[in-house]
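Peer 1: Just so it is clear, I am handing over entry.cif, which has mmCIF, C-alpha atoms and all ligand atoms.
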data_work
loop_
_atom_site.label_atom_id
_atom_site.label_comp_id
_atom_site.auth_asym_id
_atom_site.auth_seq_id
_atom_site.Cartn_x
_atom_site.Cartn_y
_atom_site.Cartn_z
CA MET A 1 51.04 -0.88 -42.94
CA LYS A 2 53.73 1.28 -44.42
CA LYS A 3 57.15 -0.26 -44.08
CA ASN A 4 60.23 1.78 -43.63
CA VAL A 5 63.33 0.49 -45.19
CA LEU A 6 66.51 0.94 -43.33
CA LEU A 7 69.79 0.46 -44.95
CA LEU A 8 72.17 -1.24 -42.62
CA THR A 9 75.72 -0.97 -43.78
CA GLY A 10 78.62 -3.17 -43.06
CA ILE A 11 78.90 -2.39 -39.35
CA ALA A 12 76.59 -5.17 -38.20
CA SER A 13 77.97 -7.52 -40.79
CA PHE A 14 81.45 -6.68 -39.71
CA LEU A 15 80.69 -7.69 -36.15
CA LEU A 16 79.01 -10.89 -37.18
CA PHE A 17 81.04 -12.05 -40.09
CA SER A 18 84.33 -10.31 -39.52
CA CYS A 19 85.36 -8.08 -42.33
CA LYS A 20 83.05 -9.18 -45.06
CA ASP A 21 82.96 -6.31 -47.42
CA LYS A 22 79.35 -6.87 -48.16
CA GLU A 23 76.47 -4.48 -48.00
CA GLU A 24 73.12 -5.90 -46.97
CA MET A 25 69.72 -4.40 -47.48
CA ILE A 26 67.45 -5.40 -44.62
CA GLU A 27 63.84 -4.45 -44.46
CA VAL A 28 62.83 -3.47 -40.96
CA GLU A 29 59.30 -2.92 -39.88
CA VAL A 30 59.06 0.17 -37.72
CA PRO A 31 56.09 0.23 -35.33
CA SER A 32 53.63 2.92 -36.14
CA ALA A 33 52.82 5.51 -33.48
CA THR A 34 50.21 4.18 -31.06
CA THR A 35 47.94 6.09 -28.71
CA THR A 36 48.82 4.98 -25.24
CA GLU A 37 47.63 8.09 -23.39
CA ALA A 38 44.45 7.99 -21.33
CA THR A 39 41.33 9.30 -23.01
CA PRO A 40 41.78 13.05 -22.99
CA VAL A 41 39.49 14.95 -20.72
CA ASN A 42 38.15 18.19 -22.00
CA GLY A 43 37.76 21.18 -19.83
CA ASP A 44 38.76 22.39 -16.44
CA PRO A 45 36.44 22.58 -13.40
CA LYS A 46 37.44 26.23 -12.96
CA THR A 47 35.72 27.11 -16.22
CA VAL A 48 32.36 25.74 -15.09
CA VAL A 49 30.33 28.81 -14.28
CA ALA A 50 26.59 29.13 -13.76
CA ASN A 51 24.45 31.61 -15.63
CA GLN A 52 24.03 34.91 -13.87
CA GLY A 53 21.91 34.46 -10.76
CA ALA A 54 21.87 34.12 -7.00
CA PHE A 55 23.90 30.91 -6.84
CA GLN A 56 27.23 29.93 -8.30
CA MET A 57 29.29 26.77 -8.72
CA LYS A 58 31.81 26.33 -5.92
CA GLY A 59 34.53 24.63 -7.95
CA LEU A 60 36.36 21.41 -7.14
CA ASN A 61 39.45 21.05 -4.97
CA TYR A 62 40.93 18.64 -7.54
CA GLY A 63 41.06 18.00 -11.27
CA TYR A 64 38.64 15.77 -13.17
CA ASN A 65 41.15 12.92 -13.31
CA ASP A 66 42.44 13.17 -9.75
CA LEU A 67 39.91 10.74 -8.31
CA GLU A 68 41.05 7.91 -10.56
CA PRO A 69 40.87 4.96 -10.37
CA TYR A 70 37.92 5.03 -7.96
CA MET A 71 35.95 7.66 -9.85
CA ASP A 72 36.83 8.11 -13.50
CA ALA A 73 37.56 11.48 -15.09
CA GLN A 74 34.74 11.31 -17.60
CA THR A 75 32.16 10.66 -14.90
CA VAL A 76 33.51 13.45 -12.67
CA GLU A 77 33.53 15.91 -15.56
CA THR A 78 30.04 15.04 -16.77
CA HIS A 79 28.62 14.92 -13.27
CA TYR A 80 30.06 18.31 -12.30
CA SER A 81 29.96 20.29 -15.54
CA LYS A 82 26.63 18.98 -16.82
CA HIS A 83 24.43 17.56 -14.06
CA HIS A 84 25.49 19.77 -11.17
CA LEU A 85 25.71 22.87 -13.34
CA GLY A 86 22.20 22.11 -14.63
CA TYR A 87 20.80 22.08 -11.09
CA CYS A 88 22.54 25.35 -10.31
CA ASN A 89 21.21 27.12 -13.41
CA LYS A 90 17.68 25.85 -12.87
CA LEU A 91 17.84 26.88 -9.20
CA ASN A 92 18.75 30.38 -10.33
CA ASP A 93 15.75 30.36 -12.67
CA ALA A 94 13.47 29.13 -9.87
CA VAL A 95 14.43 31.88 -7.39
CA LYS A 96 14.70 34.72 -9.89
CA GLY A 97 12.54 37.68 -8.94
CA THR A 98 11.41 36.10 -5.64
CA PRO A 99 12.43 36.81 -2.03
CA LEU A 100 14.41 33.54 -2.15
CA GLU A 101 17.07 35.29 -4.20
CA THR A 102 18.60 36.85 -1.11
CA MET A 103 18.39 33.74 1.09
CA SER A 104 21.11 31.15 1.67
CA ILE A 105 20.62 27.72 0.13
CA GLU A 106 20.22 26.21 3.61
CA GLU A 107 17.51 28.75 4.51
CA ILE A 108 15.68 27.91 1.28
CA LEU A 109 15.83 24.18 1.97
CA ASN A 110 14.74 24.52 5.62
CA GLY A 111 11.66 26.49 4.64
CA LEU A 112 10.99 24.72 1.37
CA ASP A 113 7.50 24.57 -0.13
CA LEU A 114 7.49 20.89 -1.13
CA LYS A 115 4.85 21.51 -3.78
CA ASN A 116 7.27 23.75 -5.68
CA SER A 117 8.88 20.86 -7.56
CA ALA A 118 11.25 23.01 -9.65
CA LEU A 119 12.69 24.57 -6.50
CA ARG A 120 12.67 21.29 -4.57
CA ASN A 121 14.56 19.35 -7.26
CA ASN A 122 17.07 22.02 -8.14
CA ALA A 123 17.79 23.50 -4.71
CA GLY A 124 18.27 19.94 -3.50
CA GLY A 125 20.38 18.98 -6.49
CA TYR A 126 22.59 22.03 -6.09
CA TYR A 127 23.15 21.59 -2.34
CA ASN A 128 23.52 17.80 -2.32
CA HIS A 129 26.22 17.90 -4.98
CA ASN A 130 28.06 20.74 -3.19
CA ILE A 131 28.47 18.41 -0.22
CA PHE A 132 29.32 15.40 -2.36
CA TRP A 133 32.25 17.15 -4.09
CA GLU A 134 33.35 18.80 -0.85
CA ILE A 135 33.84 15.66 1.20
CA ILE A 136 35.78 13.61 -1.35
CA GLY A 137 39.25 14.01 -2.74
CA PRO A 138 42.41 12.30 -3.91
CA LYS A 139 44.72 10.64 -1.37
CA ALA A 140 41.86 10.24 1.05
CA GLY A 141 39.98 7.34 2.60
CA GLY A 142 40.98 5.60 5.79
CA LYS A 143 39.23 6.24 9.07
CA PRO A 144 37.97 9.43 10.70
CA THR A 145 39.65 10.97 13.70
CA GLY A 146 38.62 13.57 16.27
CA LYS A 147 35.02 14.29 17.14
CA VAL A 148 33.61 12.47 14.10
CA ALA A 149 35.38 9.27 15.12
CA GLU A 150 34.24 9.73 18.70
CA LEU A 151 30.58 10.14 17.74
CA ILE A 152 30.68 7.32 15.18
CA ASN A 153 32.02 4.98 17.85
CA LYS A 154 29.43 6.16 20.35
CA ASP A 155 26.41 6.02 18.03
CA PHE A 156 27.27 3.02 15.83
CA GLY A 157 29.53 0.96 18.07
CA SER A 158 32.57 1.10 15.77
CA PHE A 159 33.75 2.55 12.47
CA ASP A 160 33.31 -0.82 10.80
CA ALA A 161 29.72 -1.08 12.00
CA PHE A 162 29.03 2.42 10.70
CA LYS A 163 30.65 1.62 7.37
CA THR A 164 28.57 -1.51 6.97
CA GLN A 165 25.33 0.28 7.81
CA PHE A 166 26.06 3.17 5.43
CA THR A 167 27.14 0.81 2.65
CA ASP A 168 24.07 -1.38 3.06
CA ALA A 169 21.81 1.69 2.93
CA ALA A 170 23.46 2.79 -0.33
CA LYS A 171 23.26 -0.66 -1.88
CA GLY A 172 19.64 -1.06 -0.84
CA LEU A 173 18.25 2.32 -1.87
CA PHE A 174 15.80 1.73 -4.67
CA GLY A 175 16.08 4.06 -7.65
CA SER A 176 17.76 7.46 -7.54
CA GLY A 177 18.69 9.13 -4.29
CA TRP A 178 21.23 9.79 -1.60
CA VAL A 179 22.55 8.28 1.62
CA TRP A 180 23.50 10.64 4.42
CA LEU A 181 25.32 10.84 7.70
CA VAL A 182 23.34 13.39 9.66
CA TYR A 183 24.22 15.33 12.79
CA GLN A 184 20.90 15.53 14.61
CA ASN A 185 19.80 18.36 16.90
CA ASP A 186 20.36 16.20 19.99
CA GLY A 187 24.04 15.81 19.09
CA THR A 188 23.82 12.23 17.83
CA LEU A 189 24.67 10.86 14.39
CA LYS A 190 22.27 8.93 12.22
CA ILE A 191 22.31 7.40 8.73
CA THR A 192 19.35 8.13 6.51
CA THR A 193 18.36 7.95 2.86
CA THR A 194 16.42 10.36 0.66
CA THR A 195 14.98 9.87 -2.80
CA ASN A 196 15.51 12.05 -5.87
CA GLN A 197 17.18 15.29 -4.73
CA ASP A 198 15.59 15.54 -1.29
CA ASN A 199 17.86 15.98 1.71
CA PRO A 200 17.86 16.08 5.54
CA LEU A 201 17.29 19.84 5.70
CA MET A 202 13.90 19.65 3.99
CA PRO A 203 10.69 19.78 6.04
CA ASN A 204 9.70 16.26 4.93
CA ALA A 205 12.97 14.64 6.06
CA GLU A 206 12.53 11.41 7.96
CA VAL A 207 15.77 12.16 9.81
CA LYS A 208 16.32 15.88 10.11
CA GLY A 209 19.64 17.45 10.89
CA TYR A 210 22.83 18.84 9.45
CA PRO A 211 24.35 16.69 6.67
CA LEU A 212 27.98 15.76 7.36
CA MET A 213 28.55 13.50 4.35
CA ASN A 214 26.63 11.83 1.57
CA ILE A 215 26.90 9.52 -1.39
CA ASP A 216 25.09 10.06 -4.67
CA VAL A 217 23.57 6.81 -5.88
CA TRP A 218 21.92 8.21 -8.98
CA GLU A 219 23.12 6.20 -11.96
CA HIS A 220 24.81 9.29 -13.43
CA ALA A 221 27.26 9.10 -10.51
CA TYR A 222 28.71 5.75 -11.53
CA TYR A 223 27.20 4.22 -14.66
CA LEU A 224 29.92 5.17 -17.18
CA LYS A 225 32.54 3.23 -15.23
CA TYR A 226 30.64 0.73 -13.13
CA LYS A 227 27.57 0.09 -15.31
CA ASN A 228 25.06 -1.84 -13.20
CA GLU A 229 27.58 -2.59 -10.45
CA ARG A 230 26.51 -0.03 -7.89
CA PRO A 231 28.05 -2.03 -4.99
CA LYS A 232 31.56 -1.65 -6.51
CA TYR A 233 31.10 2.11 -6.83
CA ILE A 234 30.02 2.28 -3.20
CA GLU A 235 32.93 0.14 -1.97
CA ASN A 236 35.41 2.35 -3.84
CA PHE A 237 33.77 5.54 -2.58
CA TRP A 238 35.28 4.87 0.85
CA GLN A 239 38.73 5.42 -0.70
CA LEU A 240 37.73 8.99 -1.57
CA ILE A 241 36.20 10.28 1.65
CA ASP A 242 38.24 13.10 3.11
CA TRP A 243 37.47 12.86 6.82
CA SER A 244 38.97 16.26 7.55
CA LYS A 245 36.18 17.77 5.43
CA VAL A 246 33.55 15.77 7.31
CA GLU A 247 35.07 17.01 10.55
CA TYR A 248 34.91 20.57 9.21
CA ARG A 249 31.22 20.17 8.39
CA MET A 250 30.59 18.98 11.93
CA SER A 251 32.07 22.24 13.19
CA LEU A 252 29.38 24.06 11.16
CA ALA A 253 26.51 22.04 12.64
CA LYS A 254 24.50 23.94 15.19
FE FE B 301 24.49 13.44 -9.05
#
Can you dump the structure from the file as structure tokens?
Peer 2:
Amino acid sequence: MKKNVLLLTGIASFLLFSCKDKEEMIEVEVPSATTTEATPVNGDPKTVVANQGAFQMKGLNYGYNDLEPYMDAQTVETHYSKHHLGYCNKLNDAVKGTPLETMSIEEILNGLDLKNSALRNNAGGYYNHNIFWEIIGPKAGGKPTGKVAELINKDFGSFDAFKTQFTDAAKGLFGSGWVWLVYQNDGTLKITTTTNQDNPLMPNAEVKGYPLMNIDVWEHAYYLKYKNERPKYIENFWQLIDWSKVEYRMSLAK
């Protein structure tokens, strides 16, 4: 390491040895500059734009690093700007030149031809991630209020019972998929899981209804930070749920 030499003149000596007219040469090691900043995150969610087509990215209501420490910036950036964008672009390819181009994503999913795997995977991937990013945010967590709280208490017994059931479903889901809180047509709430990019709007859904919230348990959602520890990712996800957004989605349910 390069050493800087500082010449200290008689001032220090004067204080210590009172008036010694002596000049000392002291070699002082100066610390080199160190990188203490967090790993820089490239890009801005606003710049993530799909190729020309029927569907577009909806943006994020926060920056890539705003969900720290529960969801790390690198994961959020990769998940949104690579995985989610990929689904959106491939969805645009799948609907191009077909009557689906003028339909809403929910209409496409409700009437989905399950044998059309390109459409199934990418329409699902696009929609599922839209909800995922929508219902989380910084300075969130806690408990729901309003109608969501009322229905959770009615249908699950308590918020804690609901949380346990949802968490257990996420921990227990084998492979890649999603866990959902669904508003069913009869006005009750239910937790369900789907594999791959399927969701509760699709004709094959075990529990059909309007999705109020979800959690992505594909490895790409947590592996960079949590590695194989999916349960830790799920536990921390509760700190990110913005219940006002879940409440808003309930207002959209028919
Ligand atoms: Fe994902």
Peer 1: For atom CA of A:Val179 and atom CA of A:Tyr62, quote the distance in Å rounded to one decimal.
Peer 2: 23.0 Å
Peer 1: Ranking A:Tyr127, A:Tyr70, A:Phe55, A:Tyr248 by minimum distance to A:Lys96 and counting all atoms listed in the file, which one comes first?
Peer 2: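 The answer is A:Phe55, which sits nearest to A:Lys96.
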Peer 1: What is the distance, in Å and to one decimal place, between atom CA of A:Asn51 and atom CA of A:Asn92?
Peer 2: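 Interatomic distance, atom CA of A:Asn51 to atom CA of A:Asn92: 7.9 Å.
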Peer 1: Pick from A:Ser81, A:Gln52, A:Asn116, A:Asn110: nearest to A:Asn204, with all atoms listed in the file counted?
Peer 2: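 Using all atoms listed in the file, A:Asn204 sits closest to A:Asn110.
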Peer 1: Can I get the residues close to ligand FE 301 (chain B) as a tab-separated table (two decimals) with C-alpha atoms, keeping the file's coordinate frame, where close means within 8 Å and we count all atoms listed in the file?
Peer 2:
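Heads up, here's the output in pocket_15.tsv:
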chain	number	residue	atom	x	y	z
A	79	HIS	CA	28.62	14.92	-13.27
A	83	HIS	CA	24.43	17.56	-14.06
A	84	HIS	CA	25.49	19.77	-11.17
A	125	GLY	CA	20.38	18.98	-6.49
A	129	HIS	CA	26.22	17.90	-4.98
A	216	ASP	CA	25.09	10.06	-4.67
A	217	VAL	CA	23.57	6.81	-5.88
A	218	TRP	CA	21.92	8.21	-8.98
A	219	GLU	CA	23.12	6.20	-11.96
A	220	HIS	CA	24.81	9.29	-13.43
A	221	ALA	CA	27.26	9.10	-10.51
Peer 1: With only C-alpha atoms as the counted atoms, please give the residues lying no more than 10 Å from A:Leu201, apart from itself and same-chain residues fewer than 6 positions off, as a short mmCIF file (atom, residue, chain, number, x, y, z; two decimals) with C-alpha atoms, in the coordinates of the input.
Peer 2:
data_model
loop_
_atom_site.label_atom_id
_atom_site.label_comp_id
_atom_site.auth_asym_id
_atom_site.auth_seq_id
_atom_site.Cartn_x
_atom_site.Cartn_y
_atom_site.Cartn_z
CA GLU A 106 20.22 26.21 3.61
CA GLU A 107 17.51 28.75 4.51
CA ILE A 108 15.68 27.91 1.28
CA LEU A 109 15.83 24.18 1.97
CA ASN A 110 14.74 24.52 5.62
CA GLY A 111 11.66 26.49 4.64
CA LEU A 112 10.99 24.72 1.37
CA GLY A 124 18.27 19.94 -3.50
CA VAL A 182 23.34 13.39 9.66
CA VAL A 207 15.77 12.16 9.81
CA LYS A 208 16.32 15.88 10.11
CA GLY A 209 19.64 17.45 10.89
CA TYR A 210 22.83 18.84 9.45
CA PRO A 211 24.35 16.69 6.67
#
Peer 1: Quick check, in Å to one decimal: how far apart do atom CA of A:Leu91 and atom CA of A:Ser104 lie?
Peer 2: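 Between atom CA of A:Leu91 and atom CA of A:Ser104 the gap is 12.1 Å.
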Peer 1: Quick one: residues within 9 Å of A:Asn65, all atoms listed in the file counted, chain neighbours fewer than 5 positions away excluded, as a short mmCIF file (atom, residue, chain, number, x, y, z; two decimals) with C-alpha atoms, keeping the file's coordinate frame?
Peer 2:
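As a result, part-v7.cif now contains:
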data_model
loop_
_atom_site.label_atom_id
_atom_site.label_comp_id
_atom_site.auth_asym_id
_atom_site.auth_seq_id
_atom_site.Cartn_x
_atom_site.Cartn_y
_atom_site.Cartn_z
CA VAL A 41 39.49 14.95 -20.72
CA MET A 71 35.95 7.66 -9.85
CA ASP A 72 36.83 8.11 -13.50
CA ALA A 73 37.56 11.48 -15.09
CA GLN A 74 34.74 11.31 -17.60
CA VAL A 76 33.51 13.45 -12.67
CA GLU A 77 33.53 15.91 -15.56
#
Peer 1: Which of these residues is nearest to A:Gly187, using all atoms listed in the file: A:Met202, A:Ala169, A:Leu240, A:Met250?
Peer 2: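 Among the listed residues, A:Met250 lies closest to A:Gly187.
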Peer 1: At a cut-off of 8 Å, using all atoms listed in the file, what residues contact A:Gln197? Leave out same-chain residues fewer than 2 positions from it and give the result as a list in words.
Peer 2: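 What passes the distance filter is Arg120, Asn121, Asn122, Gly124, Gly125, Asn128, Gly177, Trp178, Thr194, Thr195 and Asn199 of chain A.
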Peer 1: Rank A:Cys88, A:Val95, A:Leu181, A:Leu189 by their smallest atom-to-atom distance to A:Thr167, using only C-alpha atoms, and report the top residue only.
Peer 2: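 Going through A:Cys88, A:Val95, A:Leu181, A:Leu189 one by one, the smallest distance to A:Thr167 is for A:Leu181.
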Peer 1: Edge lengths and centre in Å to one decimal, as AutoDock Vina command-line options, of the axis-aligned box that encloses all listed atoms of stretch 97-101 of chain A with 5 Å added on every side?
Peer 2:
--center_x 14.2 --center_y 35.6 --center_z -5.5 --size_x 15.7 --size_y 14.1 --size_z 16.9
Peer 1: Given all atoms listed in the file as the basis, pick out the residue of A:Tyr183, A:Trp133, A:Tyr233, A:Phe174 nearest to A:Glu247.
Peer 2: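 With all atoms listed in the file as the atom set, the closest residue is A:Tyr183.
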Peer 1: Identify, on the basis of only C-alpha atoms, every residue whose closest approach to A:Tyr80 does not exceed 10 Å; exclude the query and any residue fewer than 5 positions from it along the same chain; express the result as a PyMOL selection string.
Peer 2: chain A and resi 45+48+57+59-60+64+74-75+85-86+129-130+133+221
Peer 1: Pick from A:Asp186, A:Glu229, A:Asp160, A:Asp44: nearest to A:Gly142, with only C-alpha atoms counted?
Peer 2: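 Closest residue, counting only C-alpha atoms: A:Asp160.
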Peer 1: Which residues come within 10 Å of stretch 161-164 of chain A, counting all atoms listed in the file, excluding same-chain residues fewer than 3 positions away, as a PyMOL selection string?
Peer 2: chain A and resi 143+152-153+155-158+167-170+181+190-191+235+238
